[in-house]
$ cat model.cif   # mmCIF, C-alpha atoms and all ligand atoms
data_run
loop_
_atom_site.group_PDB
_atom_site.id
_atom_site.type_symbol
_atom_site.label_atom_id
_atom_site.label_comp_id
_atom_site.auth_asym_id
_atom_site.auth_seq_id
_atom_site.Cartn_x
_atom_site.Cartn_y
_atom_site.Cartn_z
ATOM 1 C CA MET A 1 106.038 177.767 155.928
ATOM 2 C CA SER A 2 103.173 179.854 154.634
ATOM 3 C CA PHE A 3 101.813 183.404 154.511
ATOM 4 C CA LEU A 4 98.258 184.348 155.471
ATOM 5 C CA ALA A 5 96.837 187.439 153.752
ATOM 6 C CA VAL A 6 93.649 188.931 155.239
ATOM 7 C CA ASP A 7 91.399 191.641 153.767
ATOM 8 C CA ILE A 8 88.683 192.877 156.133
ATOM 9 C CA GLY A 9 86.102 194.990 154.319
ATOM 10 C CA ASN A 10 82.842 196.417 155.603
ATOM 11 C CA THR A 11 80.831 193.434 154.317
ATOM 12 C CA ARG A 12 83.168 190.440 154.256
ATOM 13 C CA LEU A 13 86.544 189.179 155.433
ATOM 14 C CA LYS A 14 88.538 187.596 152.611
ATOM 15 C CA TRP A 15 91.617 185.466 153.352
ATOM 16 C CA ALA A 16 94.218 183.571 151.329
ATOM 17 C CA LEU A 17 97.060 181.269 152.304
ATOM 18 C CA TYR A 18 100.194 181.361 150.140
ATOM 19 C CA ALA A 19 103.358 179.320 149.967
ATOM 20 C CA ASP A 20 106.248 181.119 151.634
ATOM 21 C CA GLY A 21 107.936 183.514 149.198
ATOM 22 C CA ALA A 22 104.885 183.808 146.889
ATOM 23 C CA ARG A 23 104.970 186.934 144.725
ATOM 24 C CA PRO A 24 102.063 189.153 143.540
ATOM 25 C CA GLY A 25 99.960 187.256 140.998
ATOM 26 C CA ALA A 26 100.631 183.889 142.662
ATOM 27 C CA SER A 27 97.692 181.515 143.210
ATOM 28 C CA PRO A 28 96.814 180.903 146.860
ATOM 29 C CA GLU A 29 96.942 177.364 148.230
ATOM 30 C CA ARG A 30 93.696 177.987 150.092
ATOM 31 C CA GLN A 31 91.271 180.902 150.267
ATOM 32 C CA GLY A 32 87.868 181.863 151.555
ATOM 33 C CA ALA A 33 85.460 184.637 152.507
ATOM 34 C CA VAL A 34 83.106 185.110 155.455
ATOM 35 C CA PHE A 35 80.565 187.802 156.233
ATOM 36 C CA ILE A 36 81.721 190.071 159.082
ATOM 37 C CA GLU A 37 78.927 188.775 161.339
ATOM 38 C CA ASN A 38 80.491 185.287 161.090
ATOM 39 C CA ILE A 39 84.150 186.095 161.864
ATOM 40 C CA ASP A 40 83.944 184.655 165.387
ATOM 41 C CA ARG A 41 83.516 181.201 163.867
ATOM 42 C CA LEU A 42 86.698 181.213 161.728
ATOM 43 C CA ALA A 43 88.832 179.199 164.193
ATOM 44 C CA ASP A 44 86.167 176.481 164.442
ATOM 45 C CA GLY A 45 85.285 176.726 160.770
ATOM 46 C CA ASP A 46 87.340 177.681 157.705
ATOM 47 C CA TRP A 47 90.589 177.991 159.682
ATOM 48 C CA GLN A 48 90.195 174.847 161.796
ATOM 49 C CA HIS A 49 92.216 172.567 159.525
ATOM 50 C CA LEU A 50 94.429 175.257 158.037
ATOM 51 C CA PRO A 51 98.157 174.600 158.495
ATOM 52 C CA ALA A 52 99.493 177.234 160.908
ATOM 53 C CA PRO A 53 100.829 180.206 158.896
ATOM 54 C CA SER A 54 104.361 181.398 159.662
ATOM 55 C CA ALA A 55 103.495 185.031 158.866
ATOM 56 C CA MET A 56 100.362 187.119 158.534
ATOM 57 C CA LEU A 57 99.627 190.556 157.073
ATOM 58 C CA GLY A 58 96.183 192.125 156.901
ATOM 59 C CA SER A 59 94.283 195.144 155.652
ATOM 60 C CA ASN A 60 91.364 196.295 157.795
ATOM 61 C CA VAL A 61 88.797 199.008 157.070
ATOM 62 C CA ALA A 62 86.218 197.668 159.527
ATOM 63 C CA SER A 63 86.380 198.696 163.207
ATOM 64 C CA ASP A 64 89.188 198.051 165.701
ATOM 65 C CA ALA A 65 86.732 195.751 167.486
ATOM 66 C CA VAL A 66 86.442 193.608 164.355
ATOM 67 C CA ARG A 67 90.238 193.517 164.051
ATOM 68 C CA ARG A 68 90.547 192.301 167.654
ATOM 69 C CA ARG A 69 87.928 189.612 167.084
ATOM 70 C CA VAL A 70 89.884 188.367 164.073
ATOM 71 C CA GLU A 71 93.112 188.365 166.109
ATOM 72 C CA GLU A 72 91.345 186.188 168.699
ATOM 73 C CA GLN A 73 90.593 183.667 165.958
ATOM 74 C CA MET A 74 94.353 183.478 165.294
ATOM 75 C CA ASP A 75 95.259 182.896 168.957
ATOM 76 C CA ARG A 76 96.029 179.194 168.626
ATOM 77 C CA TRP A 77 98.653 179.914 165.949
ATOM 78 C CA ASP A 78 102.075 181.113 167.000
ATOM 79 C CA VAL A 79 101.996 184.043 164.584
ATOM 80 C CA ALA A 80 101.912 187.763 165.305
ATOM 81 C CA PRO A 81 99.073 189.526 163.442
ATOM 82 C CA ARG A 82 100.376 192.472 161.405
ATOM 83 C CA TRP A 83 98.118 195.111 159.886
ATOM 84 C CA VAL A 84 98.935 197.604 157.144
ATOM 85 C CA VAL A 85 98.998 201.270 158.152
ATOM 86 C CA PRO A 86 99.159 203.505 155.070
ATOM 87 C CA GLY A 87 102.238 205.732 155.106
ATOM 88 C CA SER A 88 103.974 208.119 152.766
ATOM 89 C CA GLU A 89 105.781 205.416 150.738
ATOM 90 C CA ALA A 90 105.616 201.640 150.278
ATOM 91 C CA GLY A 91 105.967 199.034 147.535
ATOM 92 C CA GLY A 92 107.345 201.558 145.048
ATOM 93 C CA VAL A 93 104.367 203.915 145.524
ATOM 94 C CA THR A 94 104.406 207.375 147.088
ATOM 95 C CA ASN A 95 101.225 208.514 148.798
ATOM 96 C CA GLY A 96 99.686 211.817 147.673
ATOM 97 C CA TYR A 97 96.879 211.802 150.260
ATOM 98 C CA ASP A 98 96.755 214.982 152.406
ATOM 99 C CA HIS A 99 97.029 212.778 155.500
ATOM 100 C CA PRO A 100 98.531 209.468 154.278
ATOM 101 C CA THR A 101 97.414 207.535 157.382
ATOM 102 C CA ARG A 102 93.767 208.475 156.740
ATOM 103 C CA LEU A 103 93.698 206.672 153.386
ATOM 104 C CA GLY A 104 91.782 203.379 153.648
ATOM 105 C CA ALA A 105 94.268 200.535 154.104
ATOM 106 C CA ASP A 106 92.461 198.518 151.404
ATOM 107 C CA ARG A 107 92.850 201.385 148.915
ATOM 108 C CA TRP A 108 96.573 201.755 149.646
ATOM 109 C CA VAL A 109 97.211 198.026 149.415
ATOM 110 C CA ALA A 110 95.224 197.703 146.169
ATOM 111 C CA VAL A 111 97.253 200.514 144.562
ATOM 112 C CA ILE A 112 100.475 198.749 145.595
ATOM 113 C CA GLY A 113 99.135 195.466 144.164
ATOM 114 C CA ALA A 114 98.169 197.211 140.919
ATOM 115 C CA ARG A 115 101.653 198.719 140.605
ATOM 116 C CA ALA A 116 103.166 195.242 141.006
ATOM 117 C CA HIS A 117 100.845 193.853 138.290
ATOM 118 C CA ALA A 118 101.700 196.669 135.891
ATOM 119 C CA ARG A 119 105.429 196.176 136.394
ATOM 120 C CA GLN A 120 105.190 192.396 136.009
ATOM 121 C CA ARG A 121 103.661 192.826 132.579
ATOM 122 C CA GLY A 122 106.172 195.504 131.572
ATOM 123 C CA PHE A 123 103.598 198.318 131.563
ATOM 124 C CA ASP A 124 105.186 201.624 132.554
ATOM 125 C CA GLY A 125 102.203 203.962 132.153
ATOM 126 C CA PRO A 126 99.574 205.218 134.630
ATOM 127 C CA VAL A 127 97.167 202.823 136.357
ATOM 128 C CA LEU A 128 93.527 203.258 137.397
ATOM 129 C CA VAL A 129 92.454 200.948 140.231
ATOM 130 C CA VAL A 130 88.751 200.224 140.735
ATOM 131 C CA MET A 131 87.384 198.398 143.793
ATOM 132 C CA VAL A 132 83.720 197.495 143.872
ATOM 133 C CA GLY A 133 82.842 196.377 147.392
ATOM 134 C CA THR A 134 80.498 197.862 149.995
ATOM 135 C CA ALA A 135 81.695 201.211 148.716
ATOM 136 C CA VAL A 136 83.285 201.834 145.320
ATOM 137 C CA THR A 137 86.731 203.406 145.153
ATOM 138 C CA VAL A 138 88.617 204.576 142.059
ATOM 139 C CA GLU A 139 92.325 205.362 142.438
ATOM 140 C CA ALA A 140 94.751 207.190 140.154
ATOM 141 C CA LEU A 141 98.400 206.093 140.077
ATOM 142 C CA SER A 142 100.856 208.037 137.916
ATOM 143 C CA ALA A 143 103.407 206.379 135.655
ATOM 144 C CA SER A 144 106.105 207.448 138.111
ATOM 145 C CA GLY A 145 104.418 205.532 140.956
ATOM 146 C CA HIS A 146 102.786 208.500 142.690
ATOM 147 C CA TYR A 147 99.319 207.880 144.108
ATOM 148 C CA LEU A 148 97.499 211.040 142.997
ATOM 149 C CA GLY A 149 94.214 210.470 144.848
ATOM 150 C CA GLY A 150 90.876 208.856 144.141
ATOM 151 C CA LEU A 151 87.098 208.725 144.468
ATOM 152 C CA ILE A 152 84.810 207.124 147.049
ATOM 153 C CA LEU A 153 81.181 206.502 146.145
ATOM 154 C CA PRO A 154 78.399 204.272 147.424
ATOM 155 C CA GLY A 155 78.241 200.704 146.158
ATOM 156 C CA HIS A 156 75.104 199.200 144.579
ATOM 157 C CA GLY A 157 73.661 198.008 147.883
ATOM 158 C CA ILE A 158 74.078 201.328 149.692
ATOM 159 C CA MET A 159 72.665 203.308 146.757
ATOM 160 C CA LEU A 160 69.572 201.110 146.605
ATOM 161 C CA ARG A 161 69.008 201.173 150.367
ATOM 162 C CA ALA A 162 69.372 204.967 150.419
ATOM 163 C CA LEU A 163 66.753 205.328 147.679
ATOM 164 C CA GLU A 164 64.442 202.816 149.322
ATOM 165 C CA SER A 165 64.587 204.535 152.686
ATOM 166 C CA GLY A 166 64.246 208.051 151.262
ATOM 167 C CA THR A 167 61.222 207.459 149.035
ATOM 168 C CA ALA A 168 57.787 205.799 149.117
ATOM 169 C CA GLY A 169 57.797 204.255 145.663
ATOM 170 C CA LEU A 170 61.188 202.640 145.103
ATOM 171 C CA ARG A 171 60.888 199.237 146.797
ATOM 172 C CA VAL A 172 61.235 196.997 143.768
ATOM 173 C CA PRO A 173 63.238 193.910 142.749
ATOM 174 C CA THR A 174 66.630 194.188 141.051
ATOM 175 C CA GLY A 175 66.395 194.950 137.337
ATOM 176 C CA GLU A 176 68.664 194.921 134.296
ATOM 177 C CA VAL A 177 71.108 197.501 132.961
ATOM 178 C CA ARG A 178 69.425 199.110 129.920
ATOM 179 C CA ASN A 179 70.267 202.073 127.694
ATOM 180 C CA PHE A 180 66.736 203.434 128.083
ATOM 181 C CA PRO A 181 65.119 201.834 131.150
ATOM 182 C CA THR A 182 61.310 201.669 130.949
ATOM 183 C CA ASN A 183 60.431 200.299 134.399
ATOM 184 C CA THR A 184 61.397 201.175 137.978
ATOM 185 C CA SER A 185 63.599 198.103 138.531
ATOM 186 C CA ASP A 186 65.633 198.686 135.379
ATOM 187 C CA ALA A 187 65.787 202.444 136.052
ATOM 188 C CA LEU A 188 67.297 201.854 139.516
ATOM 189 C CA THR A 189 69.744 199.155 138.460
ATOM 190 C CA SER A 190 70.880 201.145 135.413
ATOM 191 C CA GLY A 191 71.120 204.379 137.422
ATOM 192 C CA GLY A 192 73.318 202.757 140.046
ATOM 193 C CA THR A 193 75.531 200.994 137.528
ATOM 194 C CA TYR A 194 76.025 204.075 135.378
ATOM 195 C CA ALA A 195 76.722 206.231 138.447
ATOM 196 C CA ILE A 196 79.639 203.891 139.133
ATOM 197 C CA THR A 197 80.883 203.477 135.554
ATOM 198 C CA GLY A 198 80.431 207.211 134.906
ATOM 199 C CA ALA A 199 82.687 208.028 137.857
ATOM 200 C CA ILE A 200 85.282 205.499 136.692
ATOM 201 C CA GLU A 201 85.258 206.897 133.152
ATOM 202 C CA ARG A 202 85.622 210.446 134.509
ATOM 203 C CA LEU A 203 88.726 209.623 136.582
ATOM 204 C CA PHE A 204 90.064 207.653 133.604
ATOM 205 C CA ARG A 205 89.893 210.862 131.535
ATOM 206 C CA HIS A 206 91.477 212.959 134.282
ATOM 207 C CA LEU A 207 94.383 210.524 134.543
ATOM 208 C CA GLN A 208 94.770 210.174 130.773
ATOM 209 C CA THR A 209 94.884 213.975 130.381
ATOM 210 C CA ARG A 210 97.414 214.381 133.189
ATOM 211 C CA GLU A 211 99.701 211.581 132.027
ATOM 212 C CA GLY A 212 99.254 211.904 128.247
ATOM 213 C CA ARG A 213 98.620 208.199 127.981
ATOM 214 C CA ALA A 214 95.673 205.828 128.496
ATOM 215 C CA PRO A 215 95.888 204.173 131.921
ATOM 216 C CA LEU A 216 95.832 200.437 132.500
ATOM 217 C CA VAL A 217 92.532 199.779 134.323
ATOM 218 C CA LEU A 218 92.456 197.019 136.930
ATOM 219 C CA MET A 219 89.161 196.199 138.669
ATOM 220 C CA THR A 220 88.642 194.114 141.791
ATOM 221 C CA GLY A 221 86.105 193.535 144.599
ATOM 222 C CA GLY A 222 83.090 191.317 145.293
ATOM 223 C CA ALA A 223 80.770 193.186 142.927
ATOM 224 C CA GLY A 224 83.289 193.908 140.148
ATOM 225 C CA TRP A 225 81.613 191.367 137.868
ATOM 226 C CA LYS A 226 78.381 193.404 138.024
ATOM 227 C CA VAL A 227 80.059 196.634 136.930
ATOM 228 C CA SER A 228 82.514 195.229 134.374
ATOM 229 C CA PRO A 229 80.041 194.618 131.486
ATOM 230 C CA ALA A 230 78.833 198.247 131.621
ATOM 231 C CA LEU A 231 82.279 199.867 131.785
ATOM 232 C CA ASP A 232 83.212 201.485 128.486
ATOM 233 C CA VAL A 233 86.994 201.548 128.870
ATOM 234 C CA PRO A 234 89.298 198.533 128.384
ATOM 235 C CA HIS A 235 89.904 196.917 131.757
ATOM 236 C CA GLU A 236 90.786 193.685 133.473
ATOM 237 C CA LEU A 237 89.054 191.991 136.412
ATOM 238 C CA ILE A 238 91.596 190.756 138.973
ATOM 239 C CA GLU A 239 90.093 188.809 141.845
ATOM 240 C CA GLY A 240 92.770 189.217 144.487
ATOM 241 C CA LEU A 241 94.335 192.636 143.935
ATOM 242 C CA ILE A 242 94.432 193.304 147.692
ATOM 243 C CA PHE A 243 96.136 189.963 148.283
ATOM 244 C CA ASP A 244 98.668 190.858 145.579
ATOM 245 C CA GLY A 245 99.341 194.139 147.372
ATOM 246 C CA LEU A 246 99.812 192.303 150.667
ATOM 247 C CA LEU A 247 102.229 189.893 148.927
ATOM 248 C CA ALA A 248 104.158 192.856 147.481
ATOM 249 C CA LEU A 249 104.445 194.416 150.937
ATOM 250 C CA GLN A 250 105.477 191.105 152.485
ATOM 251 C CA HIS A 251 108.075 189.975 149.947
ATOM 252 C CA GLY A 252 108.653 192.833 147.538
ATOM 253 C CA ALA A 253 107.181 192.932 144.024
HETATM 254 N N1 LIG A 301 78.764 185.906 146.973
HETATM 255 C C1 LIG A 301 78.689 187.165 147.417
HETATM 256 N N2 LIG A 301 78.575 187.397 148.710
HETATM 257 C C2 LIG A 301 78.504 188.660 149.170
HETATM 258 N N3 LIG A 301 78.552 189.739 148.435
HETATM 259 C C3 LIG A 301 78.669 189.567 147.134
HETATM 260 C C4 LIG A 301 78.765 188.286 146.556
HETATM 261 N N4 LIG A 301 78.902 188.433 145.253
HETATM 262 C C5 LIG A 301 78.903 189.739 145.037
HETATM 263 N N5 LIG A 301 78.725 190.431 146.147
HETATM 264 C C6 LIG A 301 78.681 191.887 146.220
HETATM 265 O O1 LIG A 301 79.944 192.291 146.698
HETATM 266 C C7 LIG A 301 79.823 193.265 147.718
HETATM 267 C C8 LIG A 301 80.813 192.948 148.780
HETATM 268 O O2 LIG A 301 82.075 192.886 148.170
HETATM 269 P P1 LIG A 301 83.371 192.812 149.045
HETATM 270 O O3 LIG A 301 84.495 192.999 148.108
HETATM 271 O O4 LIG A 301 83.364 191.614 149.914
HETATM 272 O O5 LIG A 301 83.140 194.119 149.948
HETATM 273 P P2 LIG A 301 83.957 194.654 151.187
HETATM 274 O O6 LIG A 301 85.417 194.551 150.804
HETATM 275 O O7 LIG A 301 83.476 196.048 151.330
HETATM 276 O O8 LIG A 301 83.631 193.794 152.364
HETATM 277 C C9 LIG A 301 78.407 193.189 148.246
HETATM 278 O O9 LIG A 301 77.949 194.505 148.450
HETATM 279 C C10 LIG A 301 77.659 192.513 147.121
HETATM 280 O O10 LIG A 301 77.003 193.481 146.330
HETATM 281 C C1 LIG A 302 86.304 203.815 151.344
HETATM 282 C C2 LIG A 302 86.179 202.592 152.242
HETATM 283 C C3 LIG A 302 84.956 202.740 153.123
HETATM 284 C C4 LIG A 302 85.993 201.358 151.338
HETATM 285 O O1 LIG A 302 85.590 200.269 152.129
HETATM 286 P P1 LIG A 302 85.039 198.873 151.518
HETATM 287 O O2 LIG A 302 84.062 199.177 150.449
HETATM 288 O O3 LIG A 302 86.248 198.167 150.950
HETATM 289 O O4 LIG A 302 84.479 198.117 152.653
HETATM 290 C C5 LIG A 302 87.487 202.402 153.090
HETATM 291 O O5 LIG A 302 88.593 202.367 152.262
HETATM 292 C C6 LIG A 302 87.672 203.482 154.124
HETATM 293 O O6 LIG A 302 87.068 203.459 155.170
HETATM 294 N N1 LIG A 302 88.559 204.488 153.839
HETATM 295 C C7 LIG A 302 88.943 205.523 154.777
HETATM 296 C C8 LIG A 302 88.734 206.886 154.215
HETATM 297 C C9 LIG A 302 89.563 207.205 152.987
HETATM 298 O O7 LIG A 302 90.074 206.295 152.307
HETATM 299 O O8 LIG A 302 89.726 208.401 152.691
HETATM 300 K K K A 303 87.443 196.101 149.945
#
$ encode --input "model.cif" --output "structure tokens"
Amino acid sequence: MSFLAVDIGNTRLKWALYADGARPGASPERQGAVFIENIDRLADGDWQHLPAPSAMLGSNVASDAVRRRVEEQMDRWDVAPRWVVPGSEAGGVTNGYDHPTRLGADRWVAVIGARAHARQRGFDGPVLVVMVGTAVTVEALSASGHYLGGLILPGHGIMLRALESGTAGLRVPTGEVRNFPTNTSDALTSGGTYAITGAIERLFRHLQTREGRAPLVLMTGGAGWKVSPALDVPHELIEGLIFDGLLALQHGA
């Protein structure tokens, strides 16, 4: 008996197989990631020798076509694919989005995972959830478990491509993050990084002011390690926050 958690982003599909009954924070028995262009090879590749899961729950922010292609890769298993649809309440979190179903499933699941982490460590204050993937999202969760809303901004790759395509003189290699960049590469890399950390620090202040207490900051996503060293508020990198949210929805926190 096992549980397959799937997180389909705009760049990569991440998956993790857990022992039945695993709770948020548990270590997966197996896990992997594939670029979206390679999802049609999962059944003959990463998933070929995977023991058949007895349950599956996924988050998808790519297209319906991508979701169907992933479901085809699961055909040989006798398991019904289930996908999270954000609603007005789940996993101890209420959804403050104007139209709850329009919130990205990954954002909703990550907030639920973050709530489970906070509770497990006995933290009863507000939580700021940062995901650094194709896009960057920053979410504000109140101490009472109300999702207040959040930010969406371009990730590093999109920012750089936008600048490259909109200018003649910005096609340069990746640089370093510097306080006072003195070449084009460093200026671009620092600009992108500080755009992201600046937005995070701003929502941190909004949440701290509203709640009267410094939020716990949990960061996840494929490019979190790039942003973490430049972020000026105490925070923790958690690799599988979406998986933890899927576990919370599957089994309770
Ligand atoms: N080994 C890696 N493979 C792909 N992307 C990576 C890797 N390490 C870091 N990244 C960065 O992570 C981003 C993708 O993160 P991910 O969380 O998979 O995004 P998404 O959930 O949007 O698919 C890429 O834009 C890239 O900048
Ligand atoms: C903001 C996102 C594009 C992030 O996608 P990702 O970077 O994880 O691939 C995704 O959560 C999404 O499509 N959201 C729907 C719109 C919303 O959340 O308001
Ligand atoms: K994501």
$ atom_distance --input "model.cif" --atom1 "atom CA of Thr220 of chain A" --atom2 "atom CA of Met131 of chain A"
4.9 Å
$ closest_residue --input "model.cif" --among "A:His99, A:Arg171, A:Arg76, A:Arg69" --to "ligand LIG 302 (chain A)" --atoms "all atoms listed in the file"
A:His99
$ resolve_selection --input "model.cif" --expression "the PyMOL selection byres (((chain A and resi 120) around 12) and not hetatm)" --output "list in words"
Arg23, Pro24, Gly25, Ala26, Gly113, Ala114, Arg115, Ala116, His117, Ala118, Arg119, Arg121, Gly122, Phe123, Asp124, Asp244, Ala248 and Ala253 of chain A
$ closest_atom_pairs --input "model.cif" --of "chain A" --to "ligand LIG 301 (chain A)" --cutoff "10 Å" --atoms "only C-alpha atoms and all ligand atoms" --output "Markdown table"
| residue | atom | partner | partner_atom | distance |
| --- | --- | --- | --- | --- |
| A:Asp7 | CA | A:LIG301 | O6 | 7.3 |
| A:Ile8 | CA | A:LIG301 | O8 | 6.4 |
| A:Gly9 | CA | A:LIG301 | O8 | 3.4 |
| A:Asn10 | CA | A:LIG301 | O8 | 4.2 |
| A:Thr11 | CA | A:LIG301 | O8 | 3.4 |
| A:Arg12 | CA | A:LIG301 | O8 | 3.9 |
| A:Leu13 | CA | A:LIG301 | O8 | 6.3 |
| A:Lys14 | CA | A:LIG301 | O4 | 7.1 |
| A:Ala33 | CA | A:LIG301 | O4 | 7.7 |
| A:Val34 | CA | A:LIG301 | N2 | 8.4 |
| A:Phe35 | CA | A:LIG301 | C2 | 7.4 |
| A:Ile36 | CA | A:LIG301 | O8 | 7.9 |
| A:Asn60 | CA | A:LIG301 | O6 | 9.3 |
| A:Val61 | CA | A:LIG301 | O7 | 8.4 |
| A:Ala62 | CA | A:LIG301 | O8 | 8.5 |
| A:Asp106 | CA | A:LIG301 | O6 | 8.1 |
| A:Met131 | CA | A:LIG301 | O3 | 7.5 |
| A:Val132 | CA | A:LIG301 | O3 | 6.2 |
| A:Gly133 | CA | A:LIG301 | O5 | 3.4 |
| A:Thr134 | CA | A:LIG301 | O7 | 3.7 |
| A:Ala135 | CA | A:LIG301 | O7 | 6.1 |
| A:Val136 | CA | A:LIG301 | O7 | 8.3 |
| A:Pro154 | CA | A:LIG301 | O9 | 9.8 |
| A:Gly155 | CA | A:LIG301 | O9 | 6.6 |
| A:His156 | CA | A:LIG301 | O10 | 6.3 |
| A:Gly157 | CA | A:LIG301 | O9 | 5.6 |
| A:Ile158 | CA | A:LIG301 | O9 | 7.9 |
| A:Thr220 | CA | A:LIG301 | O3 | 7.6 |
| A:Gly221 | CA | A:LIG301 | O3 | 3.9 |
| A:Gly222 | CA | A:LIG301 | O2 | 3.4 |
| A:Ala223 | CA | A:LIG301 | O1 | 4.0 |
| A:Gly224 | CA | A:LIG301 | O1 | 7.5 |
| A:Trp225 | CA | A:LIG301 | C5 | 7.8 |
| A:Lys226 | CA | A:LIG301 | C5 | 7.9 |
| A:Glu239 | CA | A:LIG301 | O3 | 9.4 |
| A:Gly240 | CA | A:LIG301 | O3 | 9.8 |
| A:Ile242 | CA | A:LIG301 | O6 | 9.6 |
$ resolve_selection --input "model.cif" --expression "the PyMOL selection byres (((chain A and resi 92) around 8) and not hetatm)" --output "short mmCIF file (atom, residue, chain, number, x, y, z; two decimals) with C-alpha atoms, in the coordinates of the input"
data_model
loop_
_atom_site.label_atom_id
_atom_site.label_comp_id
_atom_site.auth_asym_id
_atom_site.auth_seq_id
_atom_site.Cartn_x
_atom_site.Cartn_y
_atom_site.Cartn_z
CA GLU A 89 105.78 205.42 150.74
CA ALA A 90 105.62 201.64 150.28
CA GLY A 91 105.97 199.03 147.54
CA VAL A 93 104.37 203.92 145.52
CA THR A 94 104.41 207.38 147.09
CA ILE A 112 100.48 198.75 145.60
CA ARG A 115 101.65 198.72 140.60
CA GLY A 145 104.42 205.53 140.96
#
$ closest_residue --input "model.cif" --among "A:Leu42, A:Leu148, A:Ala5, A:Ala19" --to "Tyr97 of chain A" --atoms "only C-alpha atoms"
A:Leu148
$ atom_distance --input "model.cif" --atom1 "atom CA of Trp47 of chain A" --atom2 "atom CA of Arg30 of chain A"
10.1 Å
$ closest_residue --input "model.cif" --among "A:Asn179, A:Ser59, A:Ser190, A:Ser27" --to "ligand K 303 (chain A)" --atoms "all atoms listed in the file"
A:Ser59
$ closest_residue --input "model.cif" --among "A:Thr193, A:Thr137, A:Thr101, A:Gln31" --to "ligand K 303 (chain A)" --atoms "only C-alpha atoms and all ligand atoms"
A:Thr137
$ atom_distance --input "model.cif" --atom1 "atom CA of Gly150 of chain A" --atom2 "atom CA of Val138 of chain A"
5.3 Å
$ build_atoms --input "model.cif" --residues "segment 50-66 of chain A" --atoms "N, CA and C atoms" --output "PDB file, keeping the file's coordinate frame"
ATOM      1  N   LEU A  50      93.402 174.543 158.805  1.00  0.00           N
ATOM      2  CA  LEU A  50      94.429 175.257 158.037  1.00  0.00           C
ATOM      3  C   LEU A  50      95.790 175.035 158.694  1.00  0.00           C
ATOM      4  N   PRO A  51      96.825 174.687 157.896  1.00  0.00           N
ATOM      5  CA  PRO A  51      98.157 174.600 158.495  1.00  0.00           C
ATOM      6  C   PRO A  51      98.546 175.959 159.073  1.00  0.00           C
ATOM      7  N   ALA A  52      99.166 175.965 160.246  1.00  0.00           N
ATOM      8  CA  ALA A  52      99.493 177.234 160.908  1.00  0.00           C
ATOM      9  C   ALA A  52     100.373 178.094 160.009  1.00  0.00           C
ATOM     10  N   PRO A  53      99.974 179.334 159.710  1.00  0.00           N
ATOM     11  CA  PRO A  53     100.829 180.206 158.896  1.00  0.00           C
ATOM     12  C   PRO A  53     102.054 180.657 159.681  1.00  0.00           C
ATOM     13  N   SER A  54     103.162 180.913 158.977  1.00  0.00           N
ATOM     14  CA  SER A  54     104.361 181.398 159.662  1.00  0.00           C
ATOM     15  C   SER A  54     104.421 182.914 159.671  1.00  0.00           C
ATOM     16  N   ALA A  55     103.583 183.569 158.860  1.00  0.00           N
ATOM     17  CA  ALA A  55     103.495 185.031 158.866  1.00  0.00           C
ATOM     18  C   ALA A  55     102.103 185.439 158.433  1.00  0.00           C
ATOM     19  N   MET A  56     101.682 186.609 158.890  1.00  0.00           N
ATOM     20  CA  MET A  56     100.362 187.119 158.534  1.00  0.00           C
ATOM     21  C   MET A  56     100.445 188.622 158.317  1.00  0.00           C
ATOM     22  N   LEU A  57      99.754 189.118 157.282  1.00  0.00           N
ATOM     23  CA  LEU A  57      99.627 190.556 157.073  1.00  0.00           C
ATOM     24  C   LEU A  57      98.204 190.827 156.619  1.00  0.00           C
ATOM     25  N   GLY A  58      97.575 191.842 157.226  1.00  0.00           N
ATOM     26  CA  GLY A  58      96.183 192.125 156.901  1.00  0.00           C
ATOM     27  C   GLY A  58      95.936 193.586 156.584  1.00  0.00           C
ATOM     28  N   SER A  59      94.814 193.809 155.886  1.00  0.00           N
ATOM     29  CA  SER A  59      94.283 195.144 155.652  1.00  0.00           C
ATOM     30  C   SER A  59      92.919 195.170 156.315  1.00  0.00           C
ATOM     31  N   ASN A  60      92.648 196.216 157.101  1.00  0.00           N
ATOM     32  CA  ASN A  60      91.364 196.295 157.795  1.00  0.00           C
ATOM     33  C   ASN A  60      90.759 197.681 157.621  1.00  0.00           C
ATOM     34  N   VAL A  61      89.527 197.734 157.091  1.00  0.00           N
ATOM     35  CA  VAL A  61      88.797 199.008 157.070  1.00  0.00           C
ATOM     36  C   VAL A  61      87.517 198.921 157.892  1.00  0.00           C
ATOM     37  N   ALA A  62      87.324 197.765 158.570  1.00  0.00           N
ATOM     38  CA  ALA A  62      86.218 197.668 159.527  1.00  0.00           C
ATOM     39  C   ALA A  62      86.731 198.252 160.854  1.00  0.00           C
ATOM     40  N   SER A  63      86.010 198.057 161.933  1.00  0.00           N
ATOM     41  CA  SER A  63      86.380 198.696 163.207  1.00  0.00           C
ATOM     42  C   SER A  63      87.567 197.996 163.875  1.00  0.00           C
ATOM     43  N   ASP A  64      88.148 198.680 164.883  1.00  0.00           N
ATOM     44  CA  ASP A  64      89.188 198.051 165.701  1.00  0.00           C
ATOM     45  C   ASP A  64      88.630 196.831 166.423  1.00  0.00           C
ATOM     46  N   ALA A  65      87.353 196.891 166.806  1.00  0.00           N
ATOM     47  CA  ALA A  65      86.732 195.751 167.486  1.00  0.00           C
ATOM     48  C   ALA A  65      86.731 194.529 166.574  1.00  0.00           C
ATOM     49  N   VAL A  66      86.429 194.726 165.311  1.00  0.00           N
ATOM     50  CA  VAL A  66      86.442 193.608 164.355  1.00  0.00           C
ATOM     51  C   VAL A  66      87.860 193.063 164.230  1.00  0.00           C
TER      52      VAL A  66
END
